[in-house]
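Student: My structure is in work14.pdb, and what it holds is PDB, C-alpha atoms:
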```
ATOM      1  CA  ALA A   1      78.308 119.013  81.874
ATOM      2  CA  SER A   2      80.929 121.699  82.115
ATOM      3  CA  THR A   3      83.234 122.088  79.101
ATOM      4  CA  ILE A   4      85.716 124.317  80.918
ATOM      5  CA  ASP A   5      89.342 123.160  80.913
ATOM      6  CA  GLY A   6      90.881 123.076  84.355
ATOM      7  CA  PHE A   7      91.963 121.041  87.349
ATOM      8  CA  ASP A   8      90.016 118.975  89.851
ATOM      9  CA  VAL A   9      90.460 116.956  93.029
ATOM     10  CA  ARG A  10      88.607 113.816  91.953
ATOM     11  CA  ARG A  11      88.730 112.030  95.311
ATOM     12  CA  ALA A  12      90.020 112.992  98.754
ATOM     13  CA  TYR A  13      89.450 110.245 101.319
ATOM     14  CA  PHE A  14      90.335 110.424 105.003
ATOM     15  CA  GLY A  15      89.434 107.759 107.512
ATOM     16  CA  VAL A  16      90.409 105.100 110.011
ATOM     17  CA  SER A  17      90.134 101.329 109.935
ATOM     18  CA  GLY A  18      91.341  98.533 112.120
ATOM     19  CA  GLN A  19      90.854  95.212 113.852
ATOM     20  CA  ILE A  20      89.746  94.528 117.410
ATOM     21  CA  ALA A  21      90.415  91.322 119.350
ATOM     22  CA  LYS A  22      91.183  89.278 116.204
ATOM     23  CA  TYR A  23      87.563  88.713 115.114
ATOM     24  CA  TYR A  24      86.173  92.257 114.738
ATOM     25  CA  ASP A  25      86.982  94.966 112.201
ATOM     26  CA  PHE A  26      85.771  98.497 111.524
ATOM     27  CA  LYS A  27      86.135 101.310 109.007
ATOM     28  CA  VAL A  28      85.036 104.958 108.922
ATOM     29  CA  VAL A  29      85.905 107.052 105.835
ATOM     30  CA  ALA A  30      84.808 110.498 104.601
ATOM     31  CA  ASN A  31      85.283 111.891 101.097
ATOM     32  CA  PHE A  32      86.192 115.583 101.193
ATOM     33  CA  ALA A  33      86.039 115.984  97.398
ATOM     34  CA  GLU A  34      82.318 115.321  96.981
ATOM     35  CA  ALA A  35      81.246 118.897  96.200
ATOM     36  CA  ASP A  36      80.857 119.660  92.472
ATOM     37  CA  ASN A  37      79.717 122.508  90.218
ATOM     38  CA  THR A  38      76.015 121.668  90.685
ATOM     39  CA  SER A  39      75.688 121.422  94.459
ATOM     40  CA  THR A  40      77.605 121.779  97.690
ATOM     41  CA  ALA A  41      75.215 119.515  99.583
ATOM     42  CA  LYS A  42      77.459 116.481  99.080
ATOM     43  CA  SER A  43      80.550 118.098 100.605
ATOM     44  CA  ASN A  44      82.320 116.055 103.296
ATOM     45  CA  GLN A  45      79.984 113.127 102.746
ATOM     46  CA  LEU A  46      80.367 109.943 104.773
ATOM     47  CA  ASP A  47      81.780 107.335 102.394
ATOM     48  CA  GLU A  48      81.942 104.160 104.492
ATOM     49  CA  ALA A  49      81.190 103.330 108.116
ATOM     50  CA  TYR A  50      80.830  99.713 109.189
ATOM     51  CA  PHE A  51      81.518  97.147 111.883
ATOM     52  CA  GLY A  52      82.365  93.533 111.054
ATOM     53  CA  ILE A  53      82.142  90.252 112.954
ATOM     54  CA  ASN A  54      84.499  87.603 111.565
ATOM     55  CA  TRP A  55      84.119  84.492 113.691
ATOM     56  CA  TRP A  56      84.222  82.143 110.678
ATOM     57  CA  LYS A  57      85.766  82.579 107.224
ATOM     58  CA  GLN A  58      82.744  80.733 105.823
ATOM     59  CA  ALA A  59      80.325  83.354 107.212
ATOM     60  CA  SER A  60      81.359  86.825 108.341
ATOM     61  CA  PHE A  61      78.956  89.674 109.112
ATOM     62  CA  ARG A  62      79.039  93.389 108.318
ATOM     63  CA  PHE A  63      76.727  96.180 109.475
ATOM     64  CA  GLY A  64      76.621  99.849 108.461
ATOM     65  CA  GLN A  65      77.451 101.628 105.205
ATOM     66  CA  PHE A  66      79.690  99.647 102.868
ATOM     67  CA  LYS A  67      80.078  98.273  99.345
ATOM     68  CA  MET A  68      77.275  95.946  98.391
ATOM     69  CA  PRO A  69      78.247  92.552  96.851
ATOM     70  CA  PHE A  70      77.849  93.320  93.128
ATOM     71  CA  SER A  71      80.299  93.763  90.197
ATOM     72  CA  LEU A  72      83.996  92.920  90.048
ATOM     73  CA  GLU A  73      84.838  96.454  88.943
ATOM     74  CA  GLU A  74      82.904  97.988  91.866
ATOM     75  CA  GLN A  75      84.490  95.615  94.404
ATOM     76  CA  THR A  76      87.933  96.862  93.384
ATOM     77  CA  SER A  77      88.868 100.021  95.279
ATOM     78  CA  SER A  78      89.121 103.290  93.321
ATOM     79  CA  ARG A  79      92.779 103.278  94.414
ATOM     80  CA  PHE A  80      93.416 100.121  92.375
ATOM     81  CA  ILE A  81      90.940 100.143  89.461
ATOM     82  CA  ASP A  82      92.425  99.505  86.036
ATOM     83  CA  PHE A  83      91.712 102.988  84.632
ATOM     84  CA  GLN A  84      91.120 106.433  86.154
ATOM     85  CA  GLU A  85      87.347 105.976  85.976
ATOM     86  CA  ARG A  86      85.144 102.916  86.158
ATOM     87  CA  SER A  87      83.179 101.963  83.035
ATOM     88  CA  MET A  88      79.824 103.388  81.929
ATOM     89  CA  LEU A  89      77.940 100.477  83.512
ATOM     90  CA  ASN A  90      79.101 101.387  87.027
ATOM     91  CA  LYS A  91      76.087 103.626  87.777
ATOM     92  CA  MET A  92      73.885 100.568  87.158
ATOM     93  CA  VAL A  93      75.232  98.627  90.145
ATOM     94  CA  PRO A  94      74.543  99.038  93.857
ATOM     95  CA  ALA A  95      77.648 100.617  95.334
ATOM     96  CA  LYS A  96      77.955 101.883  98.915
ATOM     97  CA  GLU A  97      74.647 101.642 100.780
ATOM     98  CA  ILE A  98      73.332 101.223 104.314
ATOM     99  CA  GLY A  99      72.548  97.651 105.298
ATOM    100  CA  ALA A 100      73.718  94.317 106.660
ATOM    101  CA  MET A 101      75.629  91.524 104.923
ATOM    102  CA  VAL A 102      76.816  87.974 105.412
ATOM    103  CA  HIS A 103      79.825  87.018 103.269
ATOM    104  CA  GLY A 104      82.696  84.598 103.160
ATOM    105  CA  THR A 105      84.665  81.848 101.462
ATOM    106  CA  PRO A 106      82.905  78.543 102.233
ATOM    107  CA  THR A 107      85.625  76.558 100.492
ATOM    108  CA  THR A 108      88.891  77.180  98.652
ATOM    109  CA  GLY A 109      88.399  79.486  95.684
ATOM    110  CA  VAL A 110      84.665  80.077  96.256
ATOM    111  CA  PHE A 111      83.232  83.372  97.582
ATOM    112  CA  TYR A 112      79.801  84.885  98.162
ATOM    113  CA  GLY A 113      77.964  87.863  99.630
ATOM    114  CA  LEU A 114      74.308  88.293 100.594
ATOM    115  CA  ALA A 115      73.084  91.724 101.727
ATOM    116  CA  LEU A 116      69.934  93.568 102.708
ATOM    117  CA  SER A 117      70.156  97.313 102.007
ATOM    118  CA  THR A 118      68.066 100.473 101.781
ATOM    119  CA  GLY A 119      68.761 100.568  98.030
ATOM    120  CA  GLU A 120      69.070 104.352  98.242
ATOM    121  CA  GLY A 121      72.828 104.925  97.988
ATOM    122  CA  ARG A 122      75.276 106.457 100.455
ATOM    123  CA  SER A 123      73.945 108.087 103.620
ATOM    124  CA  LYS A 124      70.332 107.732 102.500
ATOM    125  CA  VAL A 125      67.481 105.858 104.159
ATOM    126  CA  GLU A 126      64.224 104.724 102.549
ATOM    127  CA  GLY A 127      62.433 107.491 100.668
ATOM    128  CA  ALA A 128      58.958 106.430 101.897
ATOM    129  CA  ALA A 129      57.508 104.305 104.665
ATOM    130  CA  ASP A 130      55.935 101.805 102.269
ATOM    131  CA  GLU A 131      59.187 100.956 100.439
ATOM    132  CA  GLY A 132      60.974  97.696 101.071
ATOM    133  CA  SER A 133      64.692  96.967 101.135
ATOM    134  CA  ASP A 134      66.870  95.630  98.327
ATOM    135  CA  VAL A 135      68.167  92.070  98.449
ATOM    136  CA  ILE A 136      71.621  91.919  96.838
ATOM    137  CA  ALA A 137      73.651  88.748  96.218
ATOM    138  CA  ARG A 138      76.898  87.744  94.506
ATOM    139  CA  VAL A 139      78.531  84.333  94.207
ATOM    140  CA  GLY A 140      81.586  83.232  92.277
ATOM    141  CA  ALA A 141      84.811  81.288  92.157
ATOM    142  CA  ASN A 142      88.445  81.504  91.151
ATOM    143  CA  LEU A 143      88.893  78.239  89.286
ATOM    144  CA  ALA A 144      92.664  78.657  89.248
ATOM    145  CA  GLU A 145      92.736  78.682  93.050
ATOM    146  CA  ILE A 146      90.535  75.594  93.169
ATOM    147  CA  MET A 147      93.016  73.890  90.820
ATOM    148  CA  GLY A 148      95.972  74.965  92.966
ATOM    149  CA  ASN A 149      97.344  77.326  90.292
ATOM    150  CA  THR A 150      98.920  80.332  92.024
ATOM    151  CA  ASP A 151     100.193  82.051  88.850
ATOM    152  CA  ASN A 152      96.828  82.602  87.145
ATOM    153  CA  VAL A 153      93.267  83.776  87.883
ATOM    154  CA  TYR A 154      90.162  82.205  86.311
ATOM    155  CA  HIS A 155      87.421  84.304  87.880
ATOM    156  CA  VAL A 156      83.691  83.855  87.219
ATOM    157  CA  ALA A 157      80.772  85.307  89.179
ATOM    158  CA  VAL A 158      77.128  86.267  88.927
ATOM    159  CA  ALA A 159      75.231  88.886  90.942
ATOM    160  CA  GLY A 160      71.672  90.097  91.271
ATOM    161  CA  SER A 161      69.518  92.540  93.197
ATOM    162  CA  TRP A 162      65.772  92.709  93.728
ATOM    163  CA  GLY A 163      63.794  95.529  95.299
ATOM    164  CA  ASP A 164      61.773  98.703  94.945
ATOM    165  CA  GLN A 165      62.930 101.872  93.244
ATOM    166  CA  SER A 166      61.734 104.879  95.193
ATOM    167  CA  ALA A 167      60.364 108.064  93.649
ATOM    168  CA  THR A 168      63.596 109.791  94.680
ATOM    169  CA  LEU A 169      65.802 107.659  92.403
ATOM    170  CA  ALA A 170      66.292 107.714  88.634
ATOM    171  CA  ALA A 171      68.192 105.520  86.190
ATOM    172  CA  GLU A 172      71.422 107.136  84.995
ATOM    173  CA  ALA A 173      74.856 106.501  83.487
ATOM    174  CA  ASN A 174      78.211 108.296  83.574
ATOM    175  CA  SER A 175      80.965 108.692  81.014
ATOM    176  CA  GLU A 176      84.498 107.370  81.515
ATOM    177  CA  SER A 177      85.988 110.876  81.605
ATOM    178  CA  LYS A 178      85.545 112.295  85.117
ATOM    179  CA  GLY A 179      82.281 110.411  85.466
ATOM    180  CA  ARG A 180      80.066 113.048  83.833
ATOM    181  CA  THR A 181      76.377 112.173  83.419
ATOM    182  CA  ILE A 182      75.512 111.071  79.864
ATOM    183  CA  PHE A 183      72.035 109.591  80.528
ATOM    184  CA  LYS A 184      69.463 110.263  83.233
ATOM    185  CA  GLN A 185      65.791 109.474  83.601
ATOM    186  CA  SER A 186      64.053 112.881  83.699
ATOM    187  CA  THR A 187      61.329 112.066  86.227
ATOM    188  CA  ALA A 188      61.913 109.529  88.984
ATOM    189  CA  LEU A 189      59.144 106.913  89.126
ATOM    190  CA  LYS A 190      58.308 104.368  91.792
ATOM    191  CA  GLY A 191      58.388 100.710  90.840
ATOM    192  CA  GLN A 192      60.330  97.468  90.882
ATOM    193  CA  ARG A 193      64.060  97.494  90.010
ATOM    194  CA  ASP A 194      65.846  94.206  89.331
ATOM    195  CA  ARG A 195      69.526  93.947  88.372
ATOM    196  CA  LEU A 196      71.580  91.082  86.989
ATOM    197  CA  GLY A 197      75.323  91.007  86.412
ATOM    198  CA  VAL A 198      77.753  88.458  84.953
ATOM    199  CA  GLU A 199      81.515  88.911  85.257
ATOM    200  CA  GLY A 200      84.698  87.138  84.291
ATOM    201  CA  ALA A 201      88.452  87.665  84.447
ATOM    202  CA  LEU A 202      91.352  85.619  83.106
ATOM    203  CA  ALA A 203      94.841  86.491  84.285
ATOM    204  CA  PHE A 204      97.853  84.639  82.921
ATOM    205  CA  GLY A 205     100.869  85.971  84.784
ATOM    206  CA  PRO A 206     101.247  89.614  83.625
ATOM    207  CA  ILE A 207      98.279  89.517  81.189
ATOM    208  CA  LYS A 208      94.666  90.157  82.270
ATOM    209  CA  LEU A 209      91.410  89.942  80.316
ATOM    210  CA  GLN A 210      88.282  91.146  82.107
ATOM    211  CA  ALA A 211      84.630  91.663  81.112
ATOM    212  CA  GLU A 212      81.228  92.352  82.671
ATOM    213  CA  TRP A 213      77.629  92.517  81.426
ATOM    214  CA  ILE A 214      74.842  94.105  83.466
ATOM    215  CA  THR A 215      71.141  94.631  82.853
ATOM    216  CA  ASN A 216      68.675  96.672  84.914
ATOM    217  CA  ARG A 217      64.939  95.985  84.613
ATOM    218  CA  TYR A 218      62.489  98.708  85.657
ATOM    219  CA  ASP A 219      58.780  97.951  86.140
ATOM    220  CA  PHE A 220      57.223 101.284  87.014
ATOM    221  CA  ASP A 221      53.955 101.757  88.894
ATOM    222  CA  ASN A 222      52.546 103.726  85.919
ATOM    223  CA  GLY A 223      52.476 100.524  83.868
ATOM    224  CA  LYS A 224      55.595 101.186  81.789
ATOM    225  CA  ASN A 225      58.736  99.064  81.868
ATOM    226  CA  ALA A 226      62.230  99.403  80.426
ATOM    227  CA  ASP A 227      65.606  97.665  80.371
ATOM    228  CA  VAL A 228      69.062  99.238  80.495
ATOM    229  CA  ASP A 229      71.991  97.094  79.331
ATOM    230  CA  ALA A 230      75.739  97.671  79.338
ATOM    231  CA  TRP A 231      78.947  95.710  79.016
ATOM    232  CA  TYR A 232      82.689  96.246  78.841
ATOM    233  CA  ALA A 233      85.721  94.202  77.842
ATOM    234  CA  GLU A 234      89.316  95.105  78.615
ATOM    235  CA  ALA A 235      92.854  93.809  78.233
ATOM    236  CA  LEU A 236      95.858  94.793  80.358
ATOM    237  CA  TRP A 237      99.541  93.933  80.354
ATOM    238  CA  LEU A 238     102.032  94.450  83.176
ATOM    239  CA  ILE A 239     105.033  94.905  80.931
ATOM    240  CA  THR A 240     107.466  94.731  83.873
ATOM    241  CA  GLY A 241     106.386  91.156  84.681
ATOM    242  CA  GLU A 242     104.278  91.377  87.855
ATOM    243  CA  LYS A 243     101.498  88.782  88.210
ATOM    244  CA  TYR A 244      97.855  89.801  88.572
ATOM    245  CA  ALA A 245      97.283  86.690  90.679
ATOM    246  CA  ASP A 246      99.372  88.293  93.441
ATOM    247  CA  SER A 247      96.818  91.124  93.697
ATOM    248  CA  TYR A 248      93.695  88.915  93.682
ATOM    249  CA  LYS A 249      91.885  87.621  96.763
ATOM    250  CA  GLY A 250      88.311  86.795  97.717
ATOM    251  CA  GLY A 251      86.658  87.784  94.456
ATOM    252  CA  LYS A 252      88.416  91.076  93.712
ATOM    253  CA  PHE A 253      91.723  92.590  92.586
ATOM    254  CA  ASP A 254      93.755  94.787  94.915
ATOM    255  CA  ARG A 255      97.045  96.692  94.777
ATOM    256  CA  ILE A 256      99.868  95.795  92.398
ATOM    257  CA  ARG A 257     103.229  95.470  94.126
ATOM    258  CA  PRO A 258     106.198  96.219  91.837
ATOM    259  CA  LEU A 259     108.862  93.554  91.562
ATOM    260  CA  ASN A 260     111.404  96.381  91.839
ATOM    261  CA  GLU A 261     110.183  99.618  93.398
ATOM    262  CA  PHE A 262     111.348 102.814  91.750
ATOM    263  CA  ASN A 263     114.651 104.154  92.980
ATOM    264  CA  PRO A 264     116.082 107.416  91.579
ATOM    265  CA  ASP A 265     119.574 105.869  91.571
ATOM    266  CA  GLY A 266     118.422 103.635  88.712
ATOM    267  CA  LYS A 267     118.231 100.349  90.638
ATOM    268  CA  GLY A 268     114.455 100.022  90.253
ATOM    269  CA  MET A 269     111.831 101.271  87.794
ATOM    270  CA  GLY A 270     108.579 100.275  89.496
ATOM    271  CA  ALA A 271     105.746  98.532  87.643
ATOM    272  CA  TRP A 272     104.461  99.651  84.225
ATOM    273  CA  GLU A 273     101.121  98.673  82.717
ATOM    274  CA  ILE A 274      99.227  99.364  79.495
ATOM    275  CA  GLY A 275      95.518  98.711  78.975
ATOM    276  CA  LEU A 276      92.590  99.072  76.588
ATOM    277  CA  ARG A 277      88.846  98.976  77.345
ATOM    278  CA  TYR A 278      85.696  99.065  75.230
ATOM    279  CA  THR A 279      82.288  99.815  76.800
ATOM    280  CA  ASP A 280      78.789  99.764  75.314
ATOM    281  CA  PHE A 281      75.697 101.337  76.950
ATOM    282  CA  ASP A 282      72.102 100.915  75.736
ATOM    283  CA  ALA A 283      68.988 102.517  77.251
ATOM    284  CA  SER A 284      67.021 102.642  73.988
ATOM    285  CA  ASP A 285      63.995 101.145  75.778
ATOM    286  CA  PHE A 286      63.451 104.531  77.416
ATOM    287  CA  LYS A 287      63.224 106.191  74.003
ATOM    288  CA  SER A 288      61.012 103.559  72.335
ATOM    289  CA  LYS A 289      58.609 103.522  75.299
ATOM    290  CA  ALA A 290      58.484 107.312  75.698
ATOM    291  CA  ILE A 291      59.991 107.416  79.191
ATOM    292  CA  ALA A 292      61.523 110.876  79.471
ATOM    293  CA  PHE A 293      65.291 111.210  79.875
ATOM    294  CA  THR A 294      68.095 113.689  79.304
ATOM    295  CA  GLY A 295      71.354 112.997  77.497
ATOM    296  CA  THR A 296      71.702 110.061  75.121
ATOM    297  CA  GLU A 297      70.110 106.610  75.180
ATOM    298  CA  GLN A 298      73.090 104.883  73.511
ATOM    299  CA  ALA A 299      76.836 105.300  73.813
ATOM    300  CA  HIS A 300      80.077 103.424  73.393
ATOM    301  CA  SER A 301      83.525 104.314  74.605
ATOM    302  CA  TRP A 302      87.190 103.425  74.138
ATOM    303  CA  THR A 303      89.690 104.026  76.938
ATOM    304  CA  ALA A 304      93.442 103.550  76.533
ATOM    305  CA  GLY A 305      95.648 103.718  79.594
ATOM    306  CA  LEU A 306      99.264 103.892  80.667
ATOM    307  CA  LYS A 307     100.050 103.329  84.340
ATOM    308  CA  TRP A 308     103.245 103.715  86.340
ATOM    309  CA  ILE A 309     103.368 102.212  89.847
ATOM    310  CA  PRO A 310     106.650 103.355  91.407
ATOM    311  CA  THR A 311     105.760 101.844  94.801
ATOM    312  CA  ALA A 312     102.896  99.705  96.122
ATOM    313  CA  ASN A 313     101.271 102.864  97.536
ATOM    314  CA  THR A 314     101.755 105.235  94.599
ATOM    315  CA  ARG A 315     100.298 105.312  91.072
ATOM    316  CA  PHE A 316     100.466 107.677  88.095
ATOM    317  CA  LEU A 317      97.866 107.210  85.332
ATOM    318  CA  LEU A 318      97.485 108.665  81.857
ATOM    319  CA  ASN A 319      94.186 107.852  80.070
ATOM    320  CA  TYR A 320      92.781 108.743  76.654
ATOM    321  CA  VAL A 321      88.994 108.405  76.391
ATOM    322  CA  ASN A 322      86.864 108.590  73.239
ATOM    323  CA  THR A 323      83.069 108.397  73.653
ATOM    324  CA  ASP A 324      80.400 108.427  70.934
TER     325      ASP A 324
END
```
As a first step, turn the structure in this file into structure tokens.
Tutor:
Amino acid sequence: ASTIDGFDVRRAYFGVSGQIAKYYDFKVVANFAEADNTSTAKSNQLDEAYFGINWWKQASFRFGQFKMPFSLEEQTSSRFIDFQERSMLNKMVPAKEIGAMVHGTPTTGVFYGLALSTGEGRSKVEGAADEGSDVIARVGANLAEIMGNTDNVYHVAVAGSWGDQSATLAAEANSESKGRTIFKQSTALKGQRDRLGVEGALAFGPIKLQAEWITNRYDFDNGKNADVDAWYAEALWLITGEKYADSYKGGKFDRIRPLNEFNPDGKGMGAWEIGLRYTDFDASDFKSKAIAFTGTEQAHSWTAGLKWIPTANTRFLLNYVNTD
């Protein structure tokens, strides 16, 4: 990773989205900040492109390239995540991939998603003709909504994925400072890749506690196998009194809307939030079983954050990250 001090455009999205005839929606987004100091091949990469059919809230359909149903942190848009970067476990989850999904809210407070994807990441099809697709599923509930409590969130969910890992993919993990790679399998190997995730969030008015644990199991065709495990726990406080429940819907958190938007005449100060997160990453199986990798097989990280939200569409974040 580069150690040069400087400036960077972390994300630069441009796209269109909308609804057609009440029951159909679409979205097409490109990310113009994808190029980095190792390659220009990712520049102007398609980020999302899907079409949705929403005849029933119990079962809607989506086709194209979109976020797979896995991980509370991943479901939350990068515009509204709690810190500048997602945690170290984020590289272990399926993110935006090509596929088809059925999802919905079968009853009050309960949500689910079931998808079939290439398992190859954004804008990538299967690496070989003999590879199957990934099955990805997530189901959960907001117990507070079931109880009729509109001030709090009691979120629990579990997710899993099952499928082949192609010879073009490798296990890896990123840090929480600009998402730099800290672990990567040196040689990609074909095999079976299974993922399991458990997540929970408790929000009591302006206080939120959130945690996730994820494990990836690799059974390679060369006879070797290895597990990668990671978890994080975080606590956040909206010190200006906004409720996290107002930003939660359908199994994810969205934008925070200030009770009083910032006004330079002094009549409003926007929303202010402080937060702390601890993350632990463990890929020691790769070392003990002599599966080649670069970087480190174990790491843990603390992230402290201060956030100012002057309006619902504007955020300023200051983060301090310490990783061992």
Student: Which residue gives the smallest distance to Leu306 in chain A among A:Asp151, A:Asp227, A:Glu261, A:Asp82, with only C-alpha atoms counted?
Tutor: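 Ranking A:Asp151, A:Asp227, A:Glu261, A:Asp82 by distance to Leu306 in chain A, first place goes to A:Asp82.
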Student: CA of Gly109 in chain A to CA of Asp246 in chain A: how many Å, to one decimal?
Tutor: 14.2 Å
Student: Once the PyMOL selection byres ((chain A and resi 117) around 8) has been applied to the shown file, what residues remain in the selection, as a list in words?
Tutor: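 On this input, the PyMOL selection byres ((chain A and resi 117) around 8) captures Glu97, Ile98, Gly99, Ala100, Ala115, Leu116, Thr118, Gly119, Ser133, Asp134, Val135 and Ile136 of chain A.
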Student: Ranking A:Phe286, A:Ile291, A:Gly250, A:Thr303 by minimum distance to Ala235 in chain A and counting only C-alpha atoms, which one comes first?
Tutor: A:Thr303
Student: Neighbours of Ile309 in chain A within 12 Å (all atoms listed in the file; same-chain residues fewer than 5 positions away dropped), as a PyMOL selection string?
Tutor: chain A and resi 79-80+82+238-240+242+255-263+268-274+314-318
Student: Just how far from CA of Tyr112 in chain A is CA of Ser175 in chain A, in Å to one decimal?
Tutor: 29.4 Å
Student: Between CA of Arg277 in chain A and CA of Asn322 in chain A, what is the spacing in Å?
Tutor: 10.6 Å
Student: Set the distance at 7 Å and use only C-alpha atoms: which residues neighbour Val139 in chain A once local chain neighbours fewer than 2 positions away are removed? I'd like the list as a ChimeraX atom specification.
Tutor: /A:111-113,137,157-159
Student: Which residue out of A:Phe83, A:Phe63, A:Trp237, A:Phe281 has the minimum interatomic distance to Phe183 in chain A when all atoms listed in the file are used?
Tutor: A:Phe281
Student: With distances taken over only C-alpha atoms, which residue among A:Ile81, A:Ala49, A:Ile207, A:Ala167 lies nearest Lys190 in chain A?
Tutor: A:Ala167
Student: Starting from the shown file, work through the PyMOL selection byres ((chain A and resi 4-15) around 9) and note down what comes out as a VMD selection string.
Tutor: chain A and resid 2 to 3 16 to 17 27 to 34 47 to 48 78 178
Student: With distances taken over only C-alpha atoms, which of A:Asp285, A:Asp221, A:Glu176, A:Asp229 is nearest to Leu196 in chain A?
Tutor: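 Result for the nearest residue to Leu196 in chain A: A:Asp229.
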Student: Let me make sure I understand: among A:Ile182, A:Ala226, A:Leu189, A:Val110, which one has the smallest atom-to-atom distance to Tyr154 in chain A if we use all atoms listed in the file?
Tutor: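 Residue with the minimum atom-to-atom distance to Tyr154 in chain A: A:Val110.
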Student: Within 12 Å of range 295-302 of chain A, counting only C-alpha atoms, which residues show up once you throw out same-chain ones fewer than 2 positions away? Write them as a PyMOL selection string, please.
Tutor: chain A and resi 1+83+86-89+171-177+180-186+226-235+275-293+304-305+319-324
Student: As a PyMOL selection string, please: the residues near Leu143 in chain A (cut-off 10 Å, all atoms listed in the file, same-chain neighbours under 6 positions excluded).
Tutor: chain A and resi 108-110+149+152-156+202
